[in-house]
Structure formats: structure tokens, C-alpha cells
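**Q** Please see the structure below; I have some questions.
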There are 2 protein chains.
Amino acid sequence: MMENEAKKILLVEDDPNFGIILKDYLTINNFEVTHAKNGMEGFEKFKRNDFDLCILDVMMPYKDGFTLAKEIRDKNASVPIIFLTAKSLKEDVLKGYAIGADDYLNKPFDSEVLLMKIKAILQRKTPENSVDTKQFEFRIGEFFLNSKLRHLSYMQDDPVKLSPKENDLLRLLALHLNDLMTRELALTKIWRDDNYFTSRSMDVYIAKLRKYLKRDENVEILNIHGEGFRLVVKN
Amino acid sequence: MMENEAKKILLVEDDPNFGIILKDYLTINNFEVTHAKNGMEGFEKFKRNDFDLCILDVMMPYKDGFTLAKEIRDKNASVPIIFLTAKSLKEDVLKGYAIGADDYLNKPFDSEVLLMKIKAILQRKTPENSVDTKQFEFRIGEFFLNSKLRHLSYMQDDPVKLSPKENDLLRLLALHLNDLMTRELALTKIWRDDNYFTSRSMDVYIAKLRKYLKRDENVEILNIHGEGFRLVVKN
DNA sequence: AAGAAGGTTTAACCTATTGTTAACAGCCGC
DNA sequence: GCGGCTGTTAACAATAGGTTAAACCTTCTT
């Protein structure tokens with residue numbers, strides 16, 4: 001099965017029973033849910049993560065859903081927000097939308113309906129209207145790396161196709177061009193685990209990259225014993 | 001603030017009184033509203049214009065809102081759709097979302113709430129959504145794609161008729177010509193769901209498109225393992 | 001109402017790509 | 001020279017993609 005990354009949802013709901021049930025339901029449906037019990041905690045968690053969607057209860061102690069939503073909007077103008085509420089005052093609904101809500105559900109609601117709404121909202125948000133500051137293109141001596149297409153080209157030759165790991169690793173080296181890229185950084189960023197086996201796996205990839213880069217003798221990957229690697233371009 | 005062009009809304013509602021009131025209300029709020037009195041008329045009008053949003057009553061004579069929505073979806077996979085309905089059967093709501101609704105309102109509803117929902121939906125839709133440009137004609141090597149008519153022609157040959165999905169997929173590839181079109185994008189935009197089966201279905205459509213495109217050896221669809229596809233024109 | 005036709009999804013089978021691990025060899029620094 | 005790094009290759013397992021055909025579902029016809 002193709003493993004697409006699960007979308008991350010921040011759920012802020014003070015009722016512990018309801019919160020846990022909803023969290024479980026969404027988890028079963030393949031979302032990665034972070035549950036906060038009040039507005040304060042919700043905002044802390046929001047700041048520490050990149051969420052694809054926020055579900056906020058309106059009535060909560062310490063900090064209500066509207067206030068939280070405003071703080072979230074200040075940090076991030078585009079993350080979708082869904083409000084949940086027991087009362088259904090028109091003024092509240094309008095206030096919610098004015099803050100920039102994407103939807104508004106009155107309790108009790110059907111969980112399947114919520115699921116559909118979540119999907120509908122996530123669909124309208126295309127992956128590329130998020131301003132991606134990611135850098136995809138690098139010049140490395142006479143090489144040119146396009147890490148979006150995973151292509152490494154040398155002068156006029158046909159580009160070589162890189163595997164995802166080859167590509168990630170070379171990109172990380174390029175980001176630290178002529179400088180040290182520590183083992184630890186590569187392992188935590190790319191392999192998401194730092195142990196003997198991932199470390200050996202990384203060495204295998206360094207070997208593969210060296211093979212690709214042999215064509216330009218001014219480019220090489222140097223090892224710094226016990227520290228990491230250094231992609232250098234001579235001259 | 002710059003005066004943006006009024007957004008065009010297709011309103012399909014068989015109750016004449018309610019329809020006119022709603023149309024006026026939306027017009028006052030700076031939308032350009034086309035009112036159709038039944039599903040038949042709604043579809044005719046849809047075909048003749050580019051709408052930014054559709055508001056469909058579910059229960060209508062001749063052609064109900066769901067059927068109309070499906071026809072609209074076949075023509076245009078991404079235009080937002082809001083359903084209005086008097087009854088609120090859960091099955092109907094889910095059916096609506098399954099077709100690709102963006103929202104679902106039960107009558108009676110507050111017109112201000114509808115207005116806010118419309119704004120929330122359009123806001124998500126418009127931000128420089130480069131991918132969703134309203135472009136329907138493409139030159140792909142020696143091919144010419146008219147994605148309104150769903151015609152793919154090669155030189156002077158008779159055009160091949162494409163099915164809705166074939167057409168949407170080729171159009172999306174063409175919008176990203178020579179660049180990566182991610183699986184995720186195609187699945188969320190065209191299939192409106194991203195899972196194992198829709199992913200395999202997409203592969204089947206890629207095979208179909210490759211068959212059509214074989215006539216021009218300079219045109220091909222390349223795979224980027226784990227990421228998506230790339231429609232390239234050589235030279 | 002039955003059947004044909006067209007479109008889409010699912011299943012099945014096969015190939016290609018990718019990542020990990022083992023094995024063995026050489027290297028570093030003390 | 002010794003023990004822990006690093007370099008390299010090859011085998012293997014797991015996953016993704018290519019293709020065809022059958023199943024399924026609507027819609028259109030008769």
C-alpha cells in the first residue's frame with residue numbers, strides 16, 4: 001500500500017470523553033491527531049507543530065475557541081479551522097467565519113459528516129499554494145541538482161535519476177556546501193533514526209553519490225572521522 | 001483595495017420566490033448570480049459559462065441536485081459546490097460530500113451564514129492557485145488537447161474522444177508540463193480521495209493516456225517513483 | 001424492463017525501483 | 001597494532017508502478 005503521509009490535525013476540546021472518542025475516530029481514519037485540553041495548551045502545541053487542520057471547541061476554560069483561533073490566524077493565515085460548539089447563536093457563527101473559519105458544526109454532530117467536511121476542506125487546499133520556501137535547485141561544480149525531479153545532470157549529458165534517499169542526502173550535503181554535514185543531522189532528518197544500521201545505510205549512500213560525482217574531479221565528498229561528511233568543490 | 005471582478009455564482013433553485021430572494025441577496029453582496037429553475041436549465045447554463053461556485057438545491061423536478069452535481073463534476077472536477085436541502089438525512093449529506101460538495105446547508109438557513117460560507121470557500125480556492133487556472137486548451141508536442149470538448153487531436157487526424165477522467169488527468173499533467181505532477185495532487189483534485197485503490201485506478205489511466213500519446217514519440221509520461229508523474233515533450 | 005454501451009474500479013500478474021543488511025576490506029588515530 | 005570508523009559490493013526483501021482483463025455501475029436505447 002502506498003503510504004502517503006497522514007494529515008496532521010490539532011484537536012482542542014476540553015471535554016475529555018468526547019475529545020478522546022473524536023481523536024480515536026479520526027486516528028482510525030488515518031489522521032495524525034494531537035489532542036489539547038484547553039486553549040492554552042492548544043496554542044502551545046500549535047506553535048510546536050505544522051498542522052494541516054485545526055478543530056476547535058468554542059467553549060473552553062482559560063481560553064475560548066475564538067481567542068485561540070485569532071492567535072492561530074496571526075501565526076498562520078491559511079491553516080483551515082473548524083469550530084465545534086454546543087450552542088448555535090447566529091452571532092457566534094458569524095464571528096467564527098469572520099475570524100476565518102472554514103466550517104462550523106453544532107453539537108451533536110455526526111462523526112461521518114465531520115470526516116467528510118475535513119476531506120472537503122483539505123481537498124480545496126492544494127499542496128502548492130502553501131508557500132514552499134524549499135530550495136530545489138543546486139549547482140555543485142559542473143553538476144546541477146534538481147531535487148524536485150530528483151535529477152542530477154553534468155554539463156550536457158542526460159541527467160541521472162536519483163532515488164529518494166540519494167536525492168535527500170545530496171540535497172542536504174549541497175545545503176552545507178564546503179561545510180560539515182554531521183552524521184547526526186542526516187540521520188535524524190533523512191532516516192529519522194540514529195543507530196548503527198541507519199549509519200551504515202548512510203555510508204552506502206555516500207558511496208553511491210561518490211560514484212555519481214566522479215565525473216567532475218573538482219567535486220568530492222570528504223569524510224570527517226567521527227563527525228560527518230563535507231561536500232567540497234575545489235578552486 | 002483593488003476592485004476584483006465579481007465572482008460568478010450559479011444558483012439552481014426551483015422555488016421561484018426563494019430563488020429570487022437569494023439571488024438578490026447575493027447580488028447585493030457583490031456576486032454575479034445566474035439563476036436556473038431546474039437541473040436541466042442549470043446544466044445548460046453551467047456549460048455556457050465559467051462559474052466560480054455552484055449552489056444547488058437538492059430536490060428539484062426533472063433533474064435533482066445530486067445528478068446535476070455529478071454532471072458538473074464530470075465537466076469540471078474542481079468548481080466548488082454547495083448543496084441546499086430541506087431534509088437532512090445523513091445519507092443524503094454523505095452522498096453530497098461523496099460527489100465532491102464543499103458544503104451542505106439545511107433549510108431554513110440564515111443568509112448571512114451562507115454568505116460567510118461562500119466567502120470561506122472562495123478564499124481557499126483563489127489564492128494564486130496557479131494550478132487551477134482556467135485553461136482548457138493545450139499544445140502537447142504535436143497533440144492538441146481541448147479539455148472542454150474532451151478532444152485530443154494529433155496533426156490532421158480525427159480527434160480522439162477522452163472520458164472525463166482521462167481528460168482531467170491529461171489536463172492536470174499538461175498544466176505541469178515538463179514538471180512534476182504529484183500523485184497526491186491528482187488524487188485529491190480528480191479522485192477526491194487518496195487511498196490505495198484510487199492510486200491504482202490512476203495508474204490505469206496513466207496507461208490509457210500513454211497509449212493515446214504513443215503516436216508522437218517526442219511526448220511521454222515519465223514516472224518519478226514515489227512522487228508522481230511528469231508529462232514531457234522532448235527537444 | 002432488458003440489454004447495450006461507455007466509463008471506472010478492482011484484481012491479478014509481472015517488472016522495476018528502492019532501501020537495508022551482511023560481508024569483507026581498508027583506514028584512522030592513538 | 002588494535003578497535004572502532006568508513007568504503008564498497010552484492011544479496012535480499014519490500015514497495016511502487018505497468019498493463020491487461022474482468023467486474024461493476026450508470027446511462028442510454030429499444
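Here's how to read the names in the C-alpha cells: chain A, B, ... by the order shown, residue numbers from 1 in each chain, ligand numbers from 1 in the order shown.
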What would chain B look like once superposed on chain A, with the fit done by least squares over all C-alpha atoms paired in order? Give it as an mmCIF file with C-alpha atoms, in the first residue's frame.
**A**
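Saved the output as superposed-v7.cif:
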data_model
loop_
_atom_site.group_PDB
_atom_site.id
_atom_site.type_symbol
_atom_site.label_atom_id
_atom_site.label_comp_id
_atom_site.auth_asym_id
_atom_site.auth_seq_id
_atom_site.Cartn_x
_atom_site.Cartn_y
_atom_site.Cartn_z
ATOM 1 C CA MET B 1 -14.656 18.287 -13.521
ATOM 2 C CA MET B 2 -12.354 15.369 -12.910
ATOM 3 C CA GLU B 3 -13.065 13.456 -9.752
ATOM 4 C CA ASN B 4 -9.970 13.965 -7.689
ATOM 5 C CA GLU B 5 -9.131 11.517 -4.986
ATOM 6 C CA ALA B 6 -10.638 12.418 -1.642
ATOM 7 C CA LYS B 7 -8.258 14.346 0.581
ATOM 8 C CA LYS B 8 -7.155 12.511 3.698
ATOM 9 C CA ILE B 9 -7.691 14.229 7.019
ATOM 10 C CA LEU B 10 -6.391 13.165 10.409
ATOM 11 C CA LEU B 11 -8.801 14.253 13.124
ATOM 12 C CA VAL B 12 -7.563 13.974 16.699
ATOM 13 C CA GLU B 13 -10.313 14.758 19.195
ATOM 14 C CA ASP B 14 -10.928 13.148 22.563
ATOM 15 C CA ASP B 15 -14.586 14.076 22.978
ATOM 16 C CA PRO B 16 -16.247 11.031 21.413
ATOM 17 C CA ASN B 17 -19.549 12.694 20.556
ATOM 18 C CA PHE B 18 -18.096 15.759 19.022
ATOM 19 C CA GLY B 19 -15.438 13.732 17.240
ATOM 20 C CA ILE B 20 -17.928 11.456 15.561
ATOM 21 C CA ILE B 21 -20.182 14.282 14.502
ATOM 22 C CA LEU B 22 -17.304 16.186 13.008
ATOM 23 C CA LYS B 23 -15.974 13.100 11.280
ATOM 24 C CA ASP B 24 -19.352 12.401 9.726
ATOM 25 C CA TYR B 25 -19.738 15.966 8.618
ATOM 26 C CA LEU B 26 -16.370 15.959 6.883
ATOM 27 C CA THR B 27 -16.998 12.537 5.371
ATOM 28 C CA ILE B 28 -20.261 13.764 3.874
ATOM 29 C CA ASN B 29 -18.281 16.580 2.363
ATOM 30 C CA ASN B 30 -16.056 14.166 0.566
ATOM 31 C CA PHE B 31 -13.045 13.912 2.805
ATOM 32 C CA GLU B 32 -11.506 10.685 3.971
ATOM 33 C CA VAL B 33 -11.306 11.080 7.729
ATOM 34 C CA THR B 34 -9.249 9.066 10.209
ATOM 35 C CA HIS B 35 -10.345 9.695 13.765
ATOM 36 C CA ALA B 36 -7.970 9.262 16.713
ATOM 37 C CA LYS B 37 -9.123 9.664 20.287
ATOM 38 C CA ASN B 38 -5.946 10.999 21.825
ATOM 39 C CA GLY B 39 -2.494 12.289 21.028
ATOM 40 C CA MET B 40 -0.823 8.882 21.297
ATOM 41 C CA GLU B 41 -3.188 7.237 18.887
ATOM 42 C CA GLY B 42 -3.062 10.301 16.670
ATOM 43 C CA PHE B 43 0.678 10.056 16.272
ATOM 44 C CA GLU B 44 0.570 6.328 15.563
ATOM 45 C CA LYS B 45 -1.983 6.886 12.840
ATOM 46 C CA PHE B 46 -0.080 9.816 11.460
ATOM 47 C CA LYS B 47 3.035 7.699 11.042
ATOM 48 C CA ARG B 48 1.162 5.006 9.172
ATOM 49 C CA ASN B 49 -0.542 7.227 6.590
ATOM 50 C CA ASP B 50 -0.003 10.194 4.341
ATOM 51 C CA PHE B 51 -2.462 12.849 5.387
ATOM 52 C CA ASP B 52 -3.222 16.014 3.508
ATOM 53 C CA LEU B 53 -4.310 17.867 6.624
ATOM 54 C CA CYS B 54 -4.412 17.430 10.409
ATOM 55 C CA ILE B 55 -7.092 18.763 12.722
ATOM 56 C CA LEU B 56 -5.979 18.609 16.335
ATOM 57 C CA ASP B 57 -7.829 19.298 19.520
ATOM 58 C CA VAL B 58 -5.524 21.113 21.915
ATOM 59 C CA MET B 59 -6.711 19.729 25.225
ATOM 60 C CA MET B 60 -6.481 15.978 25.317
ATOM 61 C CA PRO B 61 -5.368 13.361 27.813
ATOM 62 C CA TYR B 62 -1.984 11.604 27.493
ATOM 63 C CA LYS B 63 -0.648 13.937 24.881
ATOM 64 C CA ASP B 64 -1.939 17.415 24.171
ATOM 65 C CA GLY B 65 -2.375 18.896 20.725
ATOM 66 C CA PHE B 66 0.741 21.046 20.869
ATOM 67 C CA THR B 67 3.011 18.151 21.722
ATOM 68 C CA LEU B 68 1.447 16.069 19.001
ATOM 69 C CA ALA B 69 1.836 18.908 16.516
ATOM 70 C CA LYS B 70 5.523 19.151 17.307
ATOM 71 C CA GLU B 71 5.982 15.436 16.695
ATOM 72 C CA ILE B 72 4.094 15.703 13.445
ATOM 73 C CA ARG B 73 6.234 18.655 12.405
ATOM 74 C CA ASP B 74 9.393 16.677 13.086
ATOM 75 C CA LYS B 75 8.172 14.008 10.726
ATOM 76 C CA ASN B 76 6.718 16.309 8.155
ATOM 77 C CA ALA B 77 7.546 19.968 7.953
ATOM 78 C CA SER B 78 4.777 20.974 5.631
ATOM 79 C CA VAL B 79 1.516 19.134 6.306
ATOM 80 C CA PRO B 80 -1.151 21.718 7.222
ATOM 81 C CA ILE B 81 -2.357 21.715 10.831
ATOM 82 C CA ILE B 82 -5.537 23.250 12.231
ATOM 83 C CA PHE B 83 -5.990 23.532 15.993
ATOM 84 C CA LEU B 84 -9.328 23.339 17.761
ATOM 85 C CA THR B 85 -9.659 24.608 21.281
ATOM 86 C CA ALA B 86 -12.230 25.630 23.849
ATOM 87 C CA LYS B 87 -10.145 28.265 25.546
ATOM 88 C CA SER B 88 -8.761 31.127 23.561
ATOM 89 C CA LEU B 89 -5.743 32.368 25.453
ATOM 90 C CA LYS B 90 -3.655 34.559 23.248
ATOM 91 C CA GLU B 91 -0.492 32.773 24.377
ATOM 92 C CA ASP B 92 -1.906 29.474 23.237
ATOM 93 C CA VAL B 93 -2.886 30.839 19.871
ATOM 94 C CA LEU B 94 0.587 32.249 19.337
ATOM 95 C CA LYS B 95 2.162 29.021 20.529
ATOM 96 C CA GLY B 96 0.101 27.155 17.987
ATOM 97 C CA TYR B 97 1.194 29.371 15.145
ATOM 98 C CA ALA B 98 4.789 29.199 16.292
ATOM 99 C CA ILE B 99 4.708 25.422 15.935
ATOM 100 C CA GLY B 100 3.504 25.923 12.402
ATOM 101 C CA ALA B 101 -0.256 25.871 12.540
ATOM 102 C CA ASP B 102 -2.179 27.000 9.517
ATOM 103 C CA ASP B 103 -5.228 28.003 11.455
ATOM 104 C CA TYR B 104 -6.742 28.083 14.901
ATOM 105 C CA LEU B 105 -10.444 27.746 15.720
ATOM 106 C CA ASN B 106 -12.187 28.396 18.976
ATOM 107 C CA LYS B 107 -14.987 26.097 20.033
ATOM 108 C CA PRO B 108 -17.795 26.380 19.515
ATOM 109 C CA PHE B 109 -17.277 27.014 15.833
ATOM 110 C CA ASP B 110 -19.492 26.615 12.859
ATOM 111 C CA SER B 111 -18.801 23.467 10.904
ATOM 112 C CA GLU B 112 -19.378 25.239 7.596
ATOM 113 C CA VAL B 113 -16.711 27.744 8.523
ATOM 114 C CA LEU B 114 -14.302 24.932 9.306
ATOM 115 C CA LEU B 115 -15.094 23.383 5.974
ATOM 116 C CA MET B 116 -14.325 26.614 4.171
ATOM 117 C CA LYS B 117 -11.080 27.011 6.046
ATOM 118 C CA ILE B 118 -10.055 23.483 5.134
ATOM 119 C CA LYS B 119 -10.773 24.177 1.505
ATOM 120 C CA ALA B 120 -8.900 27.472 1.590
ATOM 121 C CA ILE B 121 -5.854 25.775 3.084
ATOM 122 C CA LEU B 122 -5.867 22.798 0.762
ATOM 123 C CA GLN B 123 -6.299 25.031 -2.252
ATOM 124 C CA ARG B 124 -3.120 26.878 -1.470
ATOM 125 C CA LYS B 125 -1.320 23.673 -0.804
ATOM 126 C CA THR B 126 -2.069 21.627 -3.876
ATOM 127 C CA PRO B 127 -1.618 23.711 -7.034
ATOM 128 C CA GLU B 128 0.907 21.534 -8.803
ATOM 129 C CA ASN B 129 3.182 22.149 -5.893
ATOM 130 C CA SER B 130 5.963 20.282 -7.590
ATOM 131 C CA VAL B 131 8.318 20.891 -4.710
ATOM 132 C CA ASP B 132 6.020 19.368 -2.183
ATOM 133 C CA THR B 133 5.688 16.014 -3.847
ATOM 134 C CA LYS B 134 5.382 13.171 -1.470
ATOM 135 C CA GLN B 135 8.669 11.614 -2.262
ATOM 136 C CA PHE B 136 10.650 10.092 0.521
ATOM 137 C CA GLU B 137 13.379 8.087 -1.147
ATOM 138 C CA PHE B 138 16.257 9.542 -3.077
ATOM 139 C CA ARG B 139 19.374 8.343 -4.740
ATOM 140 C CA ILE B 140 22.109 10.952 -4.487
ATOM 141 C CA GLY B 141 25.202 9.648 -6.252
ATOM 142 C CA GLU B 142 26.205 6.618 -4.230
ATOM 143 C CA PHE B 143 24.064 7.697 -1.300
ATOM 144 C CA PHE B 144 20.561 6.624 -0.570
ATOM 145 C CA LEU B 145 18.283 8.813 1.509
ATOM 146 C CA ASN B 146 15.194 7.441 3.177
ATOM 147 C CA SER B 147 13.615 10.558 4.541
ATOM 148 C CA LYS B 148 10.818 8.701 6.275
ATOM 149 C CA LEU B 149 13.248 6.800 8.440
ATOM 150 C CA ARG B 150 15.694 9.708 8.342
ATOM 151 C CA HIS B 151 18.414 7.350 7.203
ATOM 152 C CA LEU B 152 21.267 8.249 4.925
ATOM 153 C CA SER B 153 23.206 5.254 3.683
ATOM 154 C CA TYR B 154 26.340 4.953 1.582
ATOM 155 C CA MET B 155 26.918 1.774 -0.383
ATOM 156 C CA GLN B 156 26.901 -1.135 2.066
ATOM 157 C CA ASP B 157 27.740 0.912 5.149
ATOM 158 C CA ASP B 158 25.425 1.197 8.100
ATOM 159 C CA PRO B 159 23.031 4.064 7.524
ATOM 160 C CA VAL B 160 23.648 7.315 9.355
ATOM 161 C CA LYS B 161 20.726 8.616 11.373
ATOM 162 C CA LEU B 162 19.756 12.173 10.493
ATOM 163 C CA SER B 163 18.108 14.655 12.821
ATOM 164 C CA PRO B 164 14.751 16.070 11.679
ATOM 165 C CA LYS B 165 16.258 19.299 10.381
ATOM 166 C CA GLU B 166 19.171 17.556 8.668
ATOM 167 C CA ASN B 167 16.686 15.268 7.014
ATOM 168 C CA ASP B 168 14.302 17.994 5.869
ATOM 169 C CA LEU B 169 17.096 20.061 4.447
ATOM 170 C CA LEU B 170 18.709 17.191 2.572
ATOM 171 C CA ARG B 171 15.342 16.120 1.235
ATOM 172 C CA LEU B 172 14.607 19.604 -0.027
ATOM 173 C CA LEU B 173 18.015 19.741 -1.677
ATOM 174 C CA ALA B 174 17.387 16.341 -3.248
ATOM 175 C CA LEU B 175 14.035 17.485 -4.600
ATOM 176 C CA HIS B 176 15.956 20.200 -6.430
ATOM 177 C CA LEU B 177 18.864 17.967 -7.395
ATOM 178 C CA ASN B 178 21.372 19.817 -9.584
ATOM 179 C CA ASP B 179 19.152 22.847 -9.417
ATOM 180 C CA LEU B 180 18.874 25.851 -7.171
ATOM 181 C CA MET B 181 17.176 25.509 -3.805
ATOM 182 C CA THR B 182 16.672 29.061 -2.598
ATOM 183 C CA ARG B 183 17.369 30.062 0.974
ATOM 184 C CA GLU B 184 13.908 31.531 1.137
ATOM 185 C CA LEU B 185 12.283 28.246 0.253
ATOM 186 C CA ALA B 186 14.210 26.264 2.840
ATOM 187 C CA LEU B 187 13.683 28.850 5.539
ATOM 188 C CA THR B 188 9.964 29.197 5.000
ATOM 189 C CA LYS B 189 9.370 25.473 4.502
ATOM 190 C CA ILE B 190 11.632 24.087 7.203
ATOM 191 C CA TRP B 191 12.303 26.865 9.703
ATOM 192 C CA ARG B 192 8.975 28.612 9.099
ATOM 193 C CA ASP B 193 10.650 31.937 9.530
ATOM 194 C CA ASP B 194 13.116 33.850 7.419
ATOM 195 C CA ASN B 195 15.495 35.994 9.426
ATOM 196 C CA TYR B 196 19.166 36.401 10.197
ATOM 197 C CA PHE B 197 19.311 33.710 12.849
ATOM 198 C CA THR B 198 17.381 31.024 11.008
ATOM 199 C CA SER B 199 19.558 31.760 8.027
ATOM 200 C CA ARG B 200 22.731 31.221 10.036
ATOM 201 C CA SER B 201 21.229 28.103 11.543
ATOM 202 C CA MET B 202 20.660 26.792 8.057
ATOM 203 C CA ASP B 203 24.331 27.391 7.244
ATOM 204 C CA VAL B 204 25.253 25.244 10.210
ATOM 205 C CA TYR B 205 23.098 22.452 8.825
ATOM 206 C CA ILE B 206 24.643 22.809 5.398
ATOM 207 C CA ALA B 207 28.028 22.265 7.049
ATOM 208 C CA LYS B 208 26.714 19.134 8.773
ATOM 209 C CA LEU B 209 25.331 17.727 5.539
ATOM 210 C CA ARG B 210 28.566 18.448 3.714
ATOM 211 C CA LYS B 211 30.363 16.396 6.334
ATOM 212 C CA TYR B 212 28.048 13.433 5.749
ATOM 213 C CA LEU B 213 28.338 13.722 1.986
ATOM 214 C CA LYS B 214 32.127 13.887 1.945
ATOM 215 C CA ARG B 215 32.385 10.134 1.460
ATOM 216 C CA ASP B 216 31.333 10.439 -2.165
ATOM 217 C CA GLU B 217 33.520 12.979 -3.900
ATOM 218 C CA ASN B 218 31.080 13.215 -6.781
ATOM 219 C CA VAL B 219 28.420 14.665 -4.521
ATOM 220 C CA GLU B 220 28.585 18.181 -3.180
ATOM 221 C CA ILE B 221 26.552 21.113 -1.998
ATOM 222 C CA LEU B 222 27.448 24.293 -3.827
ATOM 223 C CA ASN B 223 26.540 27.771 -2.752
ATOM 224 C CA ILE B 224 25.077 30.371 -5.074
ATOM 225 C CA HIS B 225 25.951 33.580 -3.334
ATOM 226 C CA GLY B 226 22.900 35.472 -2.179
ATOM 227 C CA GLU B 227 20.501 32.912 -3.628
ATOM 228 C CA GLY B 228 20.798 29.536 -2.006
ATOM 229 C CA PHE B 229 22.353 26.118 -2.478
ATOM 230 C CA ARG B 230 22.631 23.460 -5.098
ATOM 231 C CA LEU B 231 23.094 19.743 -4.482
ATOM 232 C CA VAL B 232 25.037 18.393 -7.427
ATOM 233 C CA VAL B 233 26.101 14.946 -8.536
ATOM 234 C CA LYS B 234 29.002 15.027 -10.970
ATOM 235 C CA ASN B 235 29.278 12.990 -14.195
#
**Q** For the alpha helix (DSSP H) assignment from backbone DSSP, which residues of region 23-69 of chain B qualify? Please present them as a PDB file with C-alpha atoms, in the first residue's frame.
**A**
ATOM      1  CA  LYS B  23     -30.292  35.823  -5.939  1.00  0.00           C
ATOM      2  CA  ASP B  24     -30.981  39.405  -4.932  1.00  0.00           C
ATOM      3  CA  TYR B  25     -29.267  38.954  -1.624  1.00  0.00           C
ATOM      4  CA  LEU B  26     -26.130  37.592  -3.254  1.00  0.00           C
ATOM      5  CA  THR B  27     -26.211  40.252  -5.957  1.00  0.00           C
ATOM      6  CA  ILE B  28     -26.335  42.974  -3.318  1.00  0.00           C
ATOM      7  CA  GLY B  39     -31.439  20.831 -13.100  1.00  0.00           C
ATOM      8  CA  MET B  40     -31.768  20.805 -16.891  1.00  0.00           C
ATOM      9  CA  GLU B  41     -31.512  24.539 -17.203  1.00  0.00           C
ATOM     10  CA  GLY B  42     -28.781  24.573 -14.583  1.00  0.00           C
ATOM     11  CA  PHE B  43     -26.600  22.251 -16.598  1.00  0.00           C
ATOM     12  CA  GLU B  44     -27.148  24.188 -19.817  1.00  0.00           C
ATOM     13  CA  LYS B  45     -26.108  27.387 -18.108  1.00  0.00           C
ATOM     14  CA  PHE B  46     -23.174  25.720 -16.458  1.00  0.00           C
ATOM     15  CA  LYS B  47     -21.834  24.577 -19.813  1.00  0.00           C
ATOM     16  CA  ARG B  48     -22.059  28.049 -21.280  1.00  0.00           C
ATOM     17  CA  GLY B  65     -29.245  18.370  -7.365  1.00  0.00           C
ATOM     18  CA  PHE B  66     -27.139  15.245  -6.977  1.00  0.00           C
ATOM     19  CA  THR B  67     -27.484  14.252 -10.604  1.00  0.00           C
ATOM     20  CA  LEU B  68     -26.688  17.772 -11.687  1.00  0.00           C
ATOM     21  CA  ALA B  69     -23.670  17.863  -9.392  1.00  0.00           C
TER      22      ALA B  69
END
**Q** Hey, which bits of chain C sit within 12 Å of chain B, and for each residue what's the closest pair of atoms and how far apart in Å (one decimal), counting only C-alpha atoms (C1' of nucleotides), rows by chain and increasing number, as CSV?
**A**
residue,atom,partner,partner_atom,distance
C:DG6,C1',B:Ser163,CA,8.9
C:DG7,C1',B:Ser163,CA,7.0
C:DT8,C1',B:Ser201,CA,8.1
C:DT9,C1',B:Ser201,CA,6.5
C:DT10,C1',B:Phe197,CA,7.7
C:DA11,C1',B:Arg200,CA,10.7
C:DA16,C1',B:His225,CA,9.8
C:DT17,C1',B:His225,CA,7.4
C:DT18,C1',B:His225,CA,9.0
**Q** Write a file of the just-selected residues containing C-alpha atoms (C1' of nucleotides), as a CSV table (one decimal), in the first residue's frame.
**A**
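What follows is the written file part_34.csv:
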chain,number,residue,atom,x,y,z
C,6,DG,C1',-19.4,3.5,-22.1
C,7,DG,C1',-16.8,4.7,-18.1
C,8,DT,C1',-14.5,3.5,-13.8
C,9,DT,C1',-12.7,0.4,-10.3
C,10,DT,C1',-10.7,-3.8,-8.8
C,11,DA,C1',-8.0,-7.8,-9.4
C,16,DA,C1',11.4,-2.0,-11.8
C,17,DT,C1',13.0,0.6,-8.1
C,18,DT,C1',14.4,1.3,-3.6
**Q** Counting only C-alpha atoms (C1' of nucleotides), figure out which residue out of D:DA16, D:DC2, D:DA10, D:DC25 gets nearest to chain A.
**A**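 Nearest to chain A: D:DA16.
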**Q** Taking only C-alpha atoms (C1' of nucleotides) into account, what are the residues of chain D at most 12 Å from chain B, put as a PyMOL selection string?
**A** chain D and resi 15-21+26-27
**Q** With only C-alpha atoms (C1' of nucleotides) as the counted atoms, please give the residues lying no more than 12 Å from DC12 (chain D), apart from itself and same-chain residues fewer than 3 positions off, as a list in words.
**A**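 Non-adjacent residues within range: DT18, DG19, DT20, DT21 and DA22 of chain C.
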**Q** Any chance you could list, as a ChimeraX atom specification, the residues in region 176-230 of chain A that come up strand (DSSP E or B) when DSSP is run on the backbone?
**A** /A:180-182,219-224,228-230
**Q** Could you save the residues just selected, with N, CA and C atoms, as a PDB file, in the first residue's frame?
**A**
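For reference, result-v7.pdb as written:
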ATOM      1  N   LEU A 180      30.657  21.243   6.991  1.00  0.00           N
ATOM      2  CA  LEU A 180      30.363  19.941   7.590  1.00  0.00           C
ATOM      3  C   LEU A 180      28.865  19.658   7.662  1.00  0.00           C
ATOM      4  N   MET A 181      28.481  18.482   7.164  1.00  0.00           N
ATOM      5  CA  MET A 181      27.134  17.976   7.412  1.00  0.00           C
ATOM      6  C   MET A 181      27.311  16.813   8.377  1.00  0.00           C
ATOM      7  N   THR A 182      26.838  16.978   9.590  1.00  0.00           N
ATOM      8  CA  THR A 182      27.074  15.916  10.566  1.00  0.00           C
ATOM      9  C   THR A 182      26.247  14.681  10.270  1.00  0.00           C
ATOM     10  N   VAL A 219      34.872  17.913  -7.677  1.00  0.00           N
ATOM     11  CA  VAL A 219      33.826  17.739  -6.683  1.00  0.00           C
ATOM     12  C   VAL A 219      34.074  16.451  -5.916  1.00  0.00           C
ATOM     13  N   GLU A 220      34.040  16.512  -4.600  1.00  0.00           N
ATOM     14  CA  GLU A 220      34.129  15.259  -3.846  1.00  0.00           C
ATOM     15  C   GLU A 220      33.496  15.357  -2.462  1.00  0.00           C
ATOM     16  N   ILE A 221      33.210  14.181  -1.957  1.00  0.00           N
ATOM     17  CA  ILE A 221      32.637  14.102  -0.615  1.00  0.00           C
ATOM     18  C   ILE A 221      33.725  13.605   0.317  1.00  0.00           C
ATOM     19  N   LEU A 222      34.120  14.437   1.265  1.00  0.00           N
ATOM     20  CA  LEU A 222      35.160  14.066   2.213  1.00  0.00           C
ATOM     21  C   LEU A 222      34.554  13.631   3.527  1.00  0.00           C
ATOM     22  N   ASN A 223      35.220  12.677   4.148  1.00  0.00           N
ATOM     23  CA  ASN A 223      34.766  12.221   5.462  1.00  0.00           C
ATOM     24  C   ASN A 223      35.534  12.954   6.550  1.00  0.00           C
ATOM     25  N   ILE A 224      34.825  13.310   7.595  1.00  0.00           N
ATOM     26  CA  ILE A 224      35.495  13.855   8.774  1.00  0.00           C
ATOM     27  C   ILE A 224      35.267  12.839   9.878  1.00  0.00           C
ATOM     28  N   GLY A 228      31.209  13.497  10.364  1.00  0.00           N
ATOM     29  CA  GLY A 228      30.233  13.506   9.273  1.00  0.00           C
ATOM     30  C   GLY A 228      30.920  13.659   7.937  1.00  0.00           C
ATOM     31  N   PHE A 229      30.261  14.346   7.006  1.00  0.00           N
ATOM     32  CA  PHE A 229      30.819  14.485   5.662  1.00  0.00           C
ATOM     33  C   PHE A 229      30.784  15.932   5.194  1.00  0.00           C
ATOM     34  N   ARG A 230      31.562  16.159   4.148  1.00  0.00           N
ATOM     35  CA  ARG A 230      31.709  17.507   3.633  1.00  0.00           C
ATOM     36  C   ARG A 230      31.711  17.426   2.110  1.00  0.00           C
TER      37      ARG A 230
END
**Q** Kindly give the distance, in Å, that separates C1' of DC13 (chain C) and C1' of DA11 (chain D), rounded to a single decimal.
**A**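 Between C1' of DC13 (chain C) and C1' of DA11 (chain D) the gap works out to 24.2 Å.
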